[in-house]
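A.B. asks: Sharing work_6.txt (compact mmCIF, C-alpha atoms) below.
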```txt
# COMPACT_ATOMS: atom_id res chain seq x y z
CA MET D 3 -99.32 -10.33 -162.31
CA ILE D 4 -102.96 -9.65 -161.36
CA LEU D 5 -106.22 -9.19 -163.22
CA ASN D 6 -107.91 -5.80 -163.21
CA ASN D 7 -111.45 -6.05 -164.61
CA GLY D 8 -110.36 -9.19 -166.42
CA LEU D 9 -107.25 -7.56 -167.89
CA ILE D 10 -103.53 -7.93 -167.35
CA GLN D 11 -102.09 -4.43 -167.58
CA ASN D 12 -98.64 -2.86 -167.95
CA ALA D 13 -96.95 -6.18 -168.72
CA ASN D 14 -94.36 -6.85 -171.42
CA ILE D 15 -95.30 -9.54 -173.96
CA VAL D 16 -93.05 -11.10 -176.62
CA VAL D 17 -94.91 -12.94 -179.39
CA THR D 18 -93.34 -15.51 -181.73
CA GLY D 19 -95.17 -17.76 -184.14
CA GLN D 20 -95.98 -19.06 -187.57
CA GLN D 21 -97.28 -15.99 -189.38
CA PRO D 22 -95.24 -12.84 -190.00
CA TRP D 23 -96.82 -9.45 -189.44
CA ASP D 24 -96.89 -8.76 -193.20
CA VAL D 25 -98.86 -11.92 -194.04
CA GLU D 26 -101.68 -11.22 -196.51
CA ILE D 27 -104.25 -13.51 -194.91
CA GLY D 28 -105.99 -13.07 -191.56
CA SER D 29 -104.01 -14.12 -188.52
CA ASN D 30 -105.13 -15.07 -185.02
CA CYS D 31 -101.72 -14.12 -183.70
CA LYS D 32 -101.81 -10.59 -185.14
CA ASN D 33 -105.30 -9.99 -183.77
CA LEU D 34 -104.23 -11.21 -180.33
CA ALA D 35 -101.10 -9.03 -180.39
CA ILE D 36 -103.16 -5.96 -181.22
CA GLU D 37 -105.56 -6.77 -178.37
CA PHE D 38 -102.66 -7.42 -175.96
CA SER D 39 -101.20 -4.01 -176.87
CA LYS D 40 -104.28 -2.12 -175.68
CA HIS D 41 -103.06 -2.51 -172.10
CA ASN D 42 -99.50 -3.90 -172.40
CA LYS D 43 -96.28 -3.41 -174.35
CA VAL D 44 -95.94 -6.03 -177.10
CA LEU D 45 -93.01 -7.14 -179.26
CA TYR D 46 -94.24 -9.16 -182.26
CA VAL D 47 -91.31 -11.17 -183.66
CA ASN D 48 -91.41 -12.30 -187.26
CA SER D 49 -89.89 -15.70 -187.91
CA PRO D 50 -86.22 -15.49 -188.94
CA LEU D 51 -85.28 -15.79 -192.59
CA ASP D 52 -84.13 -19.32 -193.38
CA ARG D 53 -81.53 -20.30 -195.95
CA ILE D 54 -83.84 -22.04 -198.44
CA SER D 55 -86.40 -19.20 -198.41
CA LEU D 56 -83.56 -16.79 -199.18
CA LEU D 57 -82.34 -18.89 -202.12
CA ARG D 58 -85.79 -19.59 -203.55
CA ASN D 59 -87.36 -16.18 -203.04
CA LYS D 60 -84.42 -13.78 -203.03
CA ASN D 61 -86.27 -11.25 -205.19
CA ASP D 62 -89.37 -11.25 -203.03
CA GLU D 63 -89.98 -7.85 -201.43
CA LYS D 64 -90.43 -9.32 -197.95
CA VAL D 65 -87.26 -11.39 -198.22
CA GLN D 66 -85.32 -8.33 -199.39
CA LYS D 67 -86.63 -6.33 -196.44
CA ARG D 68 -85.43 -8.99 -194.00
CA LEU D 69 -82.10 -9.27 -195.81
CA GLU D 70 -81.51 -5.52 -195.41
CA VAL D 71 -81.95 -5.96 -191.63
CA ILE D 72 -79.50 -8.89 -191.60
CA LYS D 73 -76.95 -6.80 -193.54
CA GLY D 74 -77.36 -3.91 -191.11
CA LYS D 75 -78.83 -1.58 -193.73
CA LYS D 76 -82.18 -1.26 -191.98
CA LYS D 77 -83.39 -1.39 -188.37
CA GLY D 78 -85.20 -4.54 -187.37
CA LEU D 79 -87.67 -2.81 -185.04
CA GLU D 80 -90.74 -1.10 -186.48
CA LYS D 81 -93.24 0.73 -184.28
CA ILE D 82 -96.88 -0.06 -185.09
CA ASN D 83 -98.54 1.89 -182.29
CA ASP D 84 -97.59 3.31 -178.90
CA ASN D 85 -97.48 -0.17 -177.34
CA LEU D 86 -96.72 -2.48 -180.28
CA TRP D 87 -93.48 -3.15 -182.19
CA VAL D 88 -92.74 -5.63 -184.98
CA TYR D 89 -89.25 -7.07 -185.22
CA ASN D 90 -87.43 -8.65 -188.16
CA PRO D 91 -84.54 -10.74 -186.74
CA ASP D 92 -81.03 -9.88 -187.90
CA LYS D 93 -79.97 -13.54 -188.19
CA ILE D 94 -80.40 -16.24 -190.83
CA ILE D 95 -81.28 -19.74 -189.66
CA GLU D 96 -80.50 -22.96 -191.48
CA SER D 97 -83.17 -24.98 -193.29
CA ILE D 98 -83.03 -28.35 -191.54
CA ASN D 99 -86.42 -30.02 -191.77
CA TRP D 100 -85.17 -32.36 -194.51
CA ILE D 101 -82.79 -34.04 -192.05
CA THR D 102 -84.13 -37.47 -191.11
CA SER D 103 -81.99 -38.10 -188.04
CA GLN D 104 -83.87 -36.86 -184.97
CA LYS D 105 -80.63 -36.39 -183.03
CA ILE D 106 -78.93 -34.30 -185.72
CA PHE D 107 -82.12 -32.31 -186.33
CA GLU D 108 -82.43 -31.45 -182.62
CA LEU D 109 -78.77 -30.42 -182.44
CA LEU D 110 -79.08 -28.06 -185.41
CA ASN D 111 -82.46 -26.82 -184.23
CA LYS D 112 -80.84 -25.76 -180.97
CA VAL D 113 -78.25 -23.80 -182.97
CA ASN D 114 -81.07 -22.12 -184.91
CA ASN D 115 -82.93 -21.32 -181.69
CA ARG D 116 -79.80 -19.80 -180.16
CA ARG D 117 -79.37 -17.49 -183.16
CA PHE D 118 -83.05 -16.56 -183.01
CA ALA D 119 -82.93 -15.93 -179.25
CA THR D 120 -79.77 -13.80 -179.55
CA SER D 121 -81.50 -11.59 -182.09
CA ILE D 122 -84.71 -11.32 -180.04
CA ARG D 123 -82.65 -10.39 -176.97
CA LYS D 124 -81.34 -7.32 -178.84
CA ALA D 125 -84.88 -6.08 -179.44
CA ILE D 126 -85.93 -6.87 -175.86
CA ASN D 127 -83.00 -4.88 -174.51
CA GLU D 128 -83.64 -1.98 -176.88
CA LEU D 129 -87.25 -1.77 -175.69
CA GLY D 130 -86.28 -2.21 -172.05
CA PHE D 131 -88.57 -5.21 -171.53
CA ARG D 132 -88.22 -6.88 -168.13
CA ASP D 133 -90.07 -9.89 -166.67
CA PHE D 134 -91.82 -10.50 -169.97
CA ILE D 135 -94.42 -13.05 -171.02
CA LEU D 136 -93.35 -15.25 -173.97
CA PHE D 137 -96.32 -16.13 -176.18
CA ASN D 138 -95.52 -18.87 -178.72
CA ASP D 139 -98.12 -19.22 -181.46
CA ASN D 140 -97.84 -22.88 -182.47
CA ASP D 141 -94.14 -22.58 -183.47
CA ILE D 142 -92.78 -26.03 -182.61
CA PHE D 143 -89.26 -25.85 -184.06
CA ARG D 144 -87.96 -22.26 -184.18
CA SER D 145 -89.29 -21.42 -180.70
CA PHE D 146 -88.59 -24.75 -179.02
CA TYR D 147 -85.67 -23.50 -176.87
CA LEU D 148 -86.72 -19.86 -176.41
CA LYS D 149 -87.90 -20.46 -172.87
CA ASP D 150 -84.44 -21.82 -172.05
CA PHE D 151 -82.49 -19.04 -173.78
CA LEU D 152 -84.68 -16.00 -173.00
CA GLN D 153 -85.83 -16.94 -169.48
CA PRO D 154 -89.27 -15.28 -169.60
CA LYS D 155 -91.36 -14.76 -166.49
CA VAL D 156 -94.11 -16.88 -168.07
CA SER D 157 -93.97 -19.04 -171.22
CA ILE D 158 -97.20 -19.83 -173.08
CA TYR D 159 -97.72 -22.31 -175.90
CA TYR D 160 -100.76 -21.45 -178.04
CA SER D 161 -102.25 -24.40 -179.93
CA ARG D 162 -104.68 -23.41 -182.67
CA ASP D 163 -104.02 -26.10 -185.29
CA PHE D 164 -103.18 -29.77 -185.01
CA LEU D 165 -99.89 -29.38 -186.86
CA LEU D 166 -98.89 -33.04 -186.59
CA ALA D 167 -101.48 -33.81 -189.27
CA VAL D 168 -99.32 -31.82 -191.73
CA ASP D 169 -96.34 -33.59 -193.34
CA TYR D 170 -93.91 -30.72 -192.71
CA TRP D 171 -94.39 -30.97 -188.93
CA LYS D 172 -95.14 -34.68 -188.59
CA SER D 173 -91.68 -36.28 -188.59
CA HIS D 174 -89.87 -34.26 -185.92
CA GLY D 175 -92.94 -32.65 -184.41
CA LYS D 176 -94.30 -35.91 -183.00
CA LYS D 177 -91.48 -35.87 -180.49
CA LEU D 178 -90.89 -32.16 -180.07
CA GLU D 179 -94.41 -30.75 -179.71
CA PRO D 180 -95.30 -32.86 -176.63
CA GLU D 181 -91.95 -31.86 -175.10
CA LEU D 182 -92.58 -28.18 -175.84
CA ILE D 183 -96.09 -28.36 -174.37
CA ALA D 184 -94.75 -30.10 -171.25
CA LYS D 185 -92.02 -27.54 -170.56
CA SER D 186 -94.18 -24.47 -171.18
CA ASP D 187 -95.60 -22.82 -168.06
CA LEU D 188 -99.06 -23.15 -169.52
CA CYS D 189 -100.80 -24.03 -172.76
CA ILE D 190 -103.89 -22.47 -174.25
CA ALA D 191 -105.99 -23.61 -177.19
CA ASN D 192 -108.78 -22.21 -179.34
CA SER D 193 -110.70 -25.51 -179.41
CA THR D 194 -111.68 -27.98 -176.72
CA TYR D 195 -110.08 -30.78 -178.75
CA LEU D 196 -106.68 -29.06 -178.78
CA ALA D 197 -106.96 -28.11 -175.10
CA ASN D 198 -107.52 -31.77 -174.24
CA TYR D 199 -104.64 -32.77 -176.49
CA CYS D 200 -102.30 -30.37 -174.65
CA LYS D 201 -103.59 -31.53 -171.27
CA GLN D 202 -102.08 -34.96 -171.93
CA TYR D 203 -98.64 -33.34 -171.51
CA ASN D 204 -99.30 -30.30 -169.35
CA PRO D 205 -102.05 -30.10 -166.68
CA ARG D 206 -102.08 -26.31 -167.05
CA SER D 207 -103.83 -26.43 -170.43
CA TYR D 208 -106.91 -24.31 -171.04
CA TYR D 209 -109.57 -23.75 -173.66
CA VAL D 210 -109.74 -19.97 -174.23
CA GLY D 211 -112.14 -19.73 -177.16
CA GLN D 212 -111.63 -17.75 -180.33
CA GLY D 213 -111.95 -14.15 -181.37
CA CYS D 214 -113.40 -13.16 -184.72
CA ASP D 215 -113.68 -10.00 -186.81
CA LEU D 216 -117.41 -10.07 -187.40
CA GLU D 217 -118.15 -6.41 -188.08
CA ILE D 218 -118.27 -6.89 -191.84
CA PHE D 219 -120.84 -9.65 -191.31
CA THR D 220 -122.96 -7.92 -188.67
CA ASN D 221 -123.05 -4.84 -190.90
CA GLY D 222 -124.13 -6.99 -193.84
CA ILE D 223 -127.46 -8.21 -192.50
CA ASP D 224 -129.38 -6.20 -195.12
CA SER D 225 -127.05 -6.95 -198.04
CA ALA D 226 -128.80 -7.39 -201.39
CA LYS D 227 -128.68 -10.75 -203.12
CA PRO D 228 -125.69 -10.96 -205.53
CA ALA D 229 -126.49 -10.95 -209.23
CA ASP D 230 -125.11 -14.45 -209.92
CA VAL D 231 -127.51 -16.10 -207.46
CA GLN D 232 -130.60 -13.92 -207.97
CA GLN D 233 -132.29 -16.40 -210.28
CA ILE D 234 -131.72 -19.44 -208.06
CA VAL D 235 -134.98 -20.60 -206.49
CA HIS D 236 -135.34 -21.36 -202.79
CA PRO D 237 -134.62 -23.21 -200.57
CA VAL D 238 -130.92 -22.45 -200.95
CA ILE D 239 -128.39 -24.48 -198.95
CA GLY D 240 -125.03 -22.71 -198.96
CA TYR D 241 -121.38 -22.95 -198.06
CA VAL D 242 -118.78 -20.16 -198.05
CA GLY D 243 -115.05 -20.89 -197.93
CA ALA D 244 -112.25 -22.71 -199.71
CA LEU D 245 -113.51 -25.89 -201.37
CA GLN D 246 -110.76 -28.30 -200.33
CA SER D 247 -111.25 -32.06 -200.52
CA ILE D 248 -108.92 -32.60 -197.55
CA ARG D 249 -111.45 -30.73 -195.39
CA LEU D 250 -114.86 -31.06 -197.06
CA ASP D 251 -116.92 -34.15 -197.84
CA VAL D 252 -117.59 -34.18 -201.60
CA GLU D 253 -119.65 -37.37 -201.33
CA LEU D 254 -121.89 -35.81 -198.69
CA LEU D 255 -122.60 -32.84 -200.95
CA LYS D 256 -123.47 -35.20 -203.80
CA TYR D 257 -125.75 -37.16 -201.48
CA ILE D 258 -127.64 -34.04 -200.40
CA ALA D 259 -128.04 -32.87 -204.01
CA ASN D 260 -129.29 -36.30 -205.14
CA MET D 261 -131.68 -36.86 -202.25
CA ARG D 262 -133.27 -33.42 -202.40
CA PRO D 263 -133.22 -32.18 -206.02
CA GLU D 264 -135.59 -29.36 -205.05
CA TRP D 265 -132.88 -27.89 -202.81
CA GLN D 266 -130.37 -25.62 -204.53
CA ILE D 267 -126.80 -25.96 -203.23
CA VAL D 268 -124.62 -22.87 -203.64
CA LEU D 269 -120.86 -23.22 -203.05
CA VAL D 270 -118.91 -19.96 -202.76
CA GLY D 271 -115.14 -20.17 -202.87
CA PRO D 272 -112.07 -21.35 -204.82
CA GLU D 273 -111.91 -25.06 -205.69
CA ASP D 274 -109.08 -27.57 -205.48
CA GLU D 275 -108.60 -30.12 -208.29
CA VAL D 276 -110.86 -32.73 -206.69
CA PHE D 277 -113.77 -30.29 -206.53
CA LYS D 278 -113.09 -29.00 -210.05
CA ASN D 279 -113.30 -32.53 -211.43
CA SER D 280 -116.16 -33.79 -209.25
CA GLU D 281 -119.61 -34.86 -210.44
CA LEU D 282 -121.05 -31.92 -208.53
CA HIS D 283 -120.44 -29.81 -211.64
CA LYS D 284 -122.82 -32.03 -213.61
CA MET D 285 -125.70 -31.66 -211.13
CA SER D 286 -128.33 -29.10 -212.05
CA ASN D 287 -129.07 -28.10 -208.46
CA VAL D 288 -125.43 -27.41 -207.50
CA HIS D 289 -124.04 -23.95 -208.26
CA PHE D 290 -120.42 -22.78 -208.02
CA THR D 291 -119.73 -19.05 -207.80
CA GLY D 292 -115.92 -19.18 -207.63
CA HIS D 293 -113.74 -17.05 -205.37
CA LYS D 294 -115.33 -13.94 -203.89
CA ASP D 295 -113.80 -11.07 -201.98
CA LEU D 296 -114.38 -11.02 -198.22
CA SER D 297 -116.54 -7.91 -198.56
CA GLU D 298 -118.96 -9.84 -200.80
CA LEU D 299 -119.47 -12.83 -198.50
CA PRO D 300 -122.23 -11.37 -196.27
CA ALA D 301 -124.45 -10.88 -199.31
CA TYR D 302 -124.00 -14.51 -200.35
CA ILE D 303 -124.64 -15.81 -196.84
CA ASN D 304 -127.77 -13.63 -196.69
CA SER D 305 -129.05 -15.40 -199.80
CA PHE D 306 -128.90 -18.81 -198.09
CA ASP D 307 -131.82 -20.36 -196.22
CA VAL D 308 -129.48 -22.77 -194.41
CA CYS D 309 -125.68 -22.62 -194.12
CA ILE D 310 -123.66 -25.83 -193.97
CA ASN D 311 -120.15 -26.90 -193.01
CA PRO D 312 -119.83 -30.42 -194.45
CA GLN D 313 -116.47 -31.28 -192.89
CA LEU D 314 -114.70 -34.57 -193.23
CA LEU D 315 -113.57 -36.05 -189.94
CA ASN D 316 -109.79 -36.35 -190.05
CA GLU D 317 -106.69 -35.14 -188.21
CA VAL D 318 -106.70 -31.87 -190.14
CA THR D 319 -110.28 -30.90 -189.27
CA ILE D 320 -111.18 -32.53 -185.97
CA GLY D 321 -109.53 -29.98 -183.69
CA ASN D 322 -109.91 -26.77 -185.68
CA TYR D 323 -112.12 -23.94 -184.51
CA PRO D 324 -114.43 -23.24 -187.49
CA ARG D 325 -114.50 -19.44 -187.76
CA LYS D 326 -116.96 -19.61 -190.62
CA ILE D 327 -119.63 -20.82 -188.15
CA ASP D 328 -119.37 -17.50 -186.32
CA GLU D 329 -119.70 -15.72 -189.66
CA TYR D 330 -122.87 -17.64 -190.49
CA LEU D 331 -124.34 -17.06 -187.03
CA ALA D 332 -123.43 -13.34 -187.08
CA LEU D 333 -125.99 -13.04 -189.88
CA GLY D 334 -128.54 -15.06 -187.89
CA LYS D 335 -128.51 -18.00 -190.28
CA PRO D 336 -129.42 -21.58 -189.27
CA VAL D 337 -126.34 -23.79 -189.52
CA VAL D 338 -125.97 -27.53 -190.09
CA ALA D 339 -122.46 -28.82 -189.48
CA THR D 340 -120.52 -32.02 -188.88
CA GLU D 341 -120.35 -32.92 -185.19
CA THR D 342 -116.79 -32.64 -183.88
CA ASP D 343 -115.27 -32.02 -180.48
CA ALA D 344 -114.41 -28.47 -181.54
CA MET D 345 -118.05 -27.88 -182.58
CA SER D 346 -119.33 -28.71 -179.10
CA VAL D 347 -119.19 -25.03 -178.10
CA PHE D 348 -121.77 -24.30 -180.84
CA ALA D 349 -124.12 -27.14 -179.87
CA GLY D 350 -126.85 -24.86 -178.53
CA HIS D 351 -126.94 -22.74 -181.68
CA CYS D 352 -126.27 -25.17 -184.56
CA TYR D 353 -127.64 -28.46 -185.85
CA LEU D 354 -124.86 -31.05 -185.58
CA GLY D 355 -124.87 -34.28 -187.59
CA LYS D 356 -122.71 -37.37 -187.88
CA ASN D 357 -123.69 -38.84 -191.25
CA ASN D 358 -125.43 -38.24 -194.58
CA GLU D 359 -128.90 -39.01 -193.26
CA ASP D 360 -128.41 -36.60 -190.36
CA TYR D 361 -127.65 -33.79 -192.78
CA ILE D 362 -130.90 -34.31 -194.71
CA ARG D 363 -132.98 -34.50 -191.51
CA LEU D 364 -131.28 -31.53 -189.87
CA ILE D 365 -131.49 -29.27 -192.91
CA GLU D 366 -135.22 -30.02 -193.06
CA GLU D 367 -135.53 -29.17 -189.35
CA ALA D 368 -133.57 -25.95 -189.83
CA LEU D 369 -135.83 -24.86 -192.69
CA ILE D 370 -139.00 -25.55 -190.68
CA GLU D 371 -137.92 -24.16 -187.30
CA ASN D 372 -136.28 -20.92 -188.38
CA SER D 373 -137.67 -17.81 -186.67
CA ASP D 374 -136.82 -14.21 -185.82
CA LYS D 375 -136.08 -15.23 -182.21
CA LEU D 376 -133.63 -17.95 -183.28
CA ASN D 377 -131.99 -15.51 -185.67
CA ALA D 378 -131.51 -12.97 -182.87
CA ASP D 379 -130.16 -15.64 -180.50
CA ARG D 380 -127.60 -16.75 -183.09
CA ARG D 381 -126.40 -13.20 -183.71
CA ALA D 382 -126.03 -12.55 -179.98
CA PHE D 383 -124.01 -15.75 -179.51
CA ALA D 384 -121.63 -14.90 -182.38
CA ALA D 385 -121.22 -11.36 -181.03
CA SER D 386 -119.75 -12.79 -177.80
CA HIS D 387 -116.75 -14.16 -179.73
CA THR D 388 -114.69 -10.98 -179.68
CA TRP D 389 -110.90 -10.65 -179.48
CA GLU D 390 -111.38 -8.79 -176.20
CA ASN D 391 -113.21 -11.76 -174.66
CA ASN D 392 -110.67 -14.17 -176.13
CA VAL D 393 -107.78 -12.24 -174.54
CA LYS D 394 -109.57 -12.04 -171.19
CA GLU D 395 -109.73 -15.85 -171.17
CA ILE D 396 -106.00 -15.98 -171.93
CA TYR D 397 -105.30 -13.61 -169.04
CA LYS D 398 -107.43 -15.76 -166.75
CA ALA D 399 -105.39 -18.82 -167.69
CA ILE D 400 -102.11 -16.98 -167.03
CA VAL D 401 -103.03 -16.02 -163.46
CA SER D 402 -104.87 -19.23 -162.57
```
Show the structure stored in the file as structure tokens.

C.D. replies:
Amino acid sequence: MILNNGLIQNANIVVTGQQPWDVEIGSNCKNLAIEFSKHNKVLYVNSPLDRISLLRNKNDEKVQKRLEVIKGKKKGLEKINDNLWVYNPDKIIESINWITSQKIFELLNKVNNRRFATSIRKAINELGFRDFILFNDNDIFRSFYLKDFLQPKVSIYYSRDFLLAVDYWKSHGKKLEPELIAKSDLCIANSTYLANYCKQYNPRSYYVGQGCDLEIFTNGIDSAKPADVQQIVHPVIGYVGALQSIRLDVELLKYIANMRPEWQIVLVGPEDEVFKNSELHKMSNVHFTGHKDLSELPAYINSFDVCINPQLLNEVTIGNYPRKIDEYLALGKPVVATETDAMSVFAGHCYLGKNNEDYIRLIEEALIENSDKLNADRRAFAASHTWENNVKEIYKAIVS
């Protein structure tokens, strides 16, 4: 396997992971698979249908589609383009995460993995894949034994979220994820924090960056100000994204609003219960717009003088690559964000703070220092975060 102009070409790649192809939200894994398929043959494997999902969602269209494959009424392979196929496994796996015994869980998980691998092998054989690369997108349990059962030429574990911060993964994942990382041929991560985490268990662990779909934002530089924020006076300090108290610092937002009443804070996105019931709704200089379609976001970001990402520091947030920062920068906006390990790659283009006082000082700096040159520099930096560049870094890690 060699690089040609930074690309691996004419390889076979099998992708497994968390998100099925027909997921409604954006997916790193889908974007990577599409990029892989520009020069290689790719099999994208949806996760197998599990028993509880079948019982709970038996009338769901996606579940019915998978059930038809299991019953032999429909083919599992679907061709997406000349080099890319999606596969719905023809096996059901058991729902076992409720089992508290680690030993029993691991035994049954191996049974599930064997069923999964047997089904994947059918698709691999049908496509004539040989000497394939196995790319596991953060799937700790269902893909744990696939290297053992499928014997790929190279096995890759892709870490893009710190899953052990989530209850579903925490109990059995604390033991299994380090073991999976250790036995993979290499690990890659979309943040420096996660790359360092993986490196504890596998020396062949690499930070490969993150790709983003920024065209909608780069094309929105001249978007008109939305009607619901037209009357808000400047300076406007804004945030776009889900307003979730597990990720965002409500107290910090209150502090900013209290300390600088002349600043208008605009929050664009759906709220969780904590945000809905917070004192922010009683503050005259804080404005909630509610959920907005992706196509509308560039216009809102354009209306901001400074964009913020007021993250809490916790296990959920500390390692995540913040894609919204690229979206802000793609529009040339000054950005003030919480300093984390994952944010280190943005240090030359963002203002990074550690506490409430830092946010006030840095927002003031951002308002004063903004210029056409800084705007252009920010846009150029965001434009470098393409899926093509992301995949080239992955290829580099594979052949290193």

A.B. asks: Between D:Gly292, D:Gly175, D:Gly74, D:Pro237, which residue has the minimum interatomic distance to Glu273 of chain D, considering all atoms listed in the file?

C.D. replies: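 Closest residue, counting all atoms listed in the file: D:Gly292.
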
A.B. asks: Restricting the calculation to only C-alpha atoms: of D:Gln266, D:Ser207, D:Asn59, D:Asn114, which residue gets closest to Ser305 of chain D?

C.D. replies: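 Ranked by minimum distance to Ser305 of chain D, first place goes to D:Gln266.
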
A.B. asks: Using Å and a single decimal, report how far atom CA of Gly78 of chain D sits from atom CA of Asn90 of chain D.

C.D. replies: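 Interatomic distance here is 4.7 Å.
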
A.B. asks: Using all atoms listed in the file, determine which residues lie at most 10 Å from Ile365 of chain D, disregarding the query and same-chain residues fewer than 2 positions distant; provide the list as an MDAnalysis selection string.

C.D. replies: chainID D and resid 239 258 307:310 336:339 353 355 360:363 367:371

A.B. asks: Hey, can you check how far atom CA of Asn377 of chain D sits from atom CA of His351 of chain D?

C.D. replies: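 Answer for the atom CA of Asn377 of chain D to atom CA of His351 of chain D separation: 9.7 Å.
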
A.B. asks: As an NGL selection string, please: the residues near Leu354 of chain D (cut-off 8 Å, only C-alpha atoms, same-chain neighbours under 2 positions excluded).

C.D. replies: :D and (338-341 or 349 or 352 or 356 or 364)

A.B. asks: Nearest to Lys398 of chain D: which of D:Arg206, D:Arg249, D:His174, D:Lys67 is it, counting only C-alpha atoms?

C.D. replies: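 Of D:Arg206, D:Arg249, D:His174, D:Lys67, the one nearest Lys398 of chain D is D:Arg206, counting only C-alpha atoms.
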
A.B. asks: Using all atoms listed in the file, which of D:Pro205, D:Pro324, D:Gly271, D:Pro263 sits nearest Gln246 of chain D?

C.D. replies: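 Distance minimum relative to Gln246 of chain D lands on D:Gly271.
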
A.B. asks: Determine the nearest neighbour of Ile396 of chain D from the options D:Leu254, D:Ala382, D:Val65, D:Ala191, counting all atoms listed in the file.

C.D. replies: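 So, comparing all the options, the nearest one is D:Ala191.
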
A.B. asks: Taking (-118.4, -10.7, -188.2) in the file's coordinates, which residues come within 12 Å, counting all atoms listed in the file, written as a ChimeraX atom specification?

C.D. replies: /D:213-223,296-297,299-300,303,325-334,381-389

A.B. asks: If you count only C-alpha atoms, which residues fall within 8 Å of Ala259 of chain D, apart from same-chain ones fewer than 5 positions away, as a list of chain:residue names?

C.D. replies: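 So the residues in contact are D:Trp265, D:Gln266, D:Ile267, D:Met285, D:Asn287, D:Val288.
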
A.B. asks: When distances are computed from all atoms listed in the file, which of D:Asp139, D:Glu390, D:Glu128, D:Asp62 shows the smallest separation from Ser49 of chain D?

C.D. replies: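 Answer, going by the shortest atom-to-atom distance: D:Asp139.
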
A.B. asks: Give me the residues near Gln20 of chain D as a list of chain:residue names, where near means some atom within 9 Å (using all atoms listed in the file) and where sequence neighbours in that chain fewer than 4 positions away do not count.

C.D. replies: D:Cys31, D:Asn48, D:Ser49, D:Asn138, D:Asp139, D:Asn140, D:Asp141

A.B. asks: Around the point (-98.4, -3.9, -179.6) (coordinates from the file), which residues reach within 7 Å if we count all atoms listed in the file? Answer as a list in words.

C.D. replies: Ala35, Ile36, Phe38, Ser39, Lys43, Val44, Leu45, Ile82, Asn83, Asn85, Leu86 and Trp87 of chain D

A.B. asks: At what distance in Å, to one decimal, does atom CA of Ile10 of chain D lie from atom CA of Lys394 of chain D?

C.D. replies: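 A separation of 8.3 Å between them.
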
A.B. asks: List the spatial neighbours of Val270 of chain D as a PyMOL selection string - criterion: any atom at most 10 Å away, only C-alpha atoms, same-chain residues fewer than 6 positions off excluded.

C.D. replies: chain D and resi 240-245+289-294+299+302-303
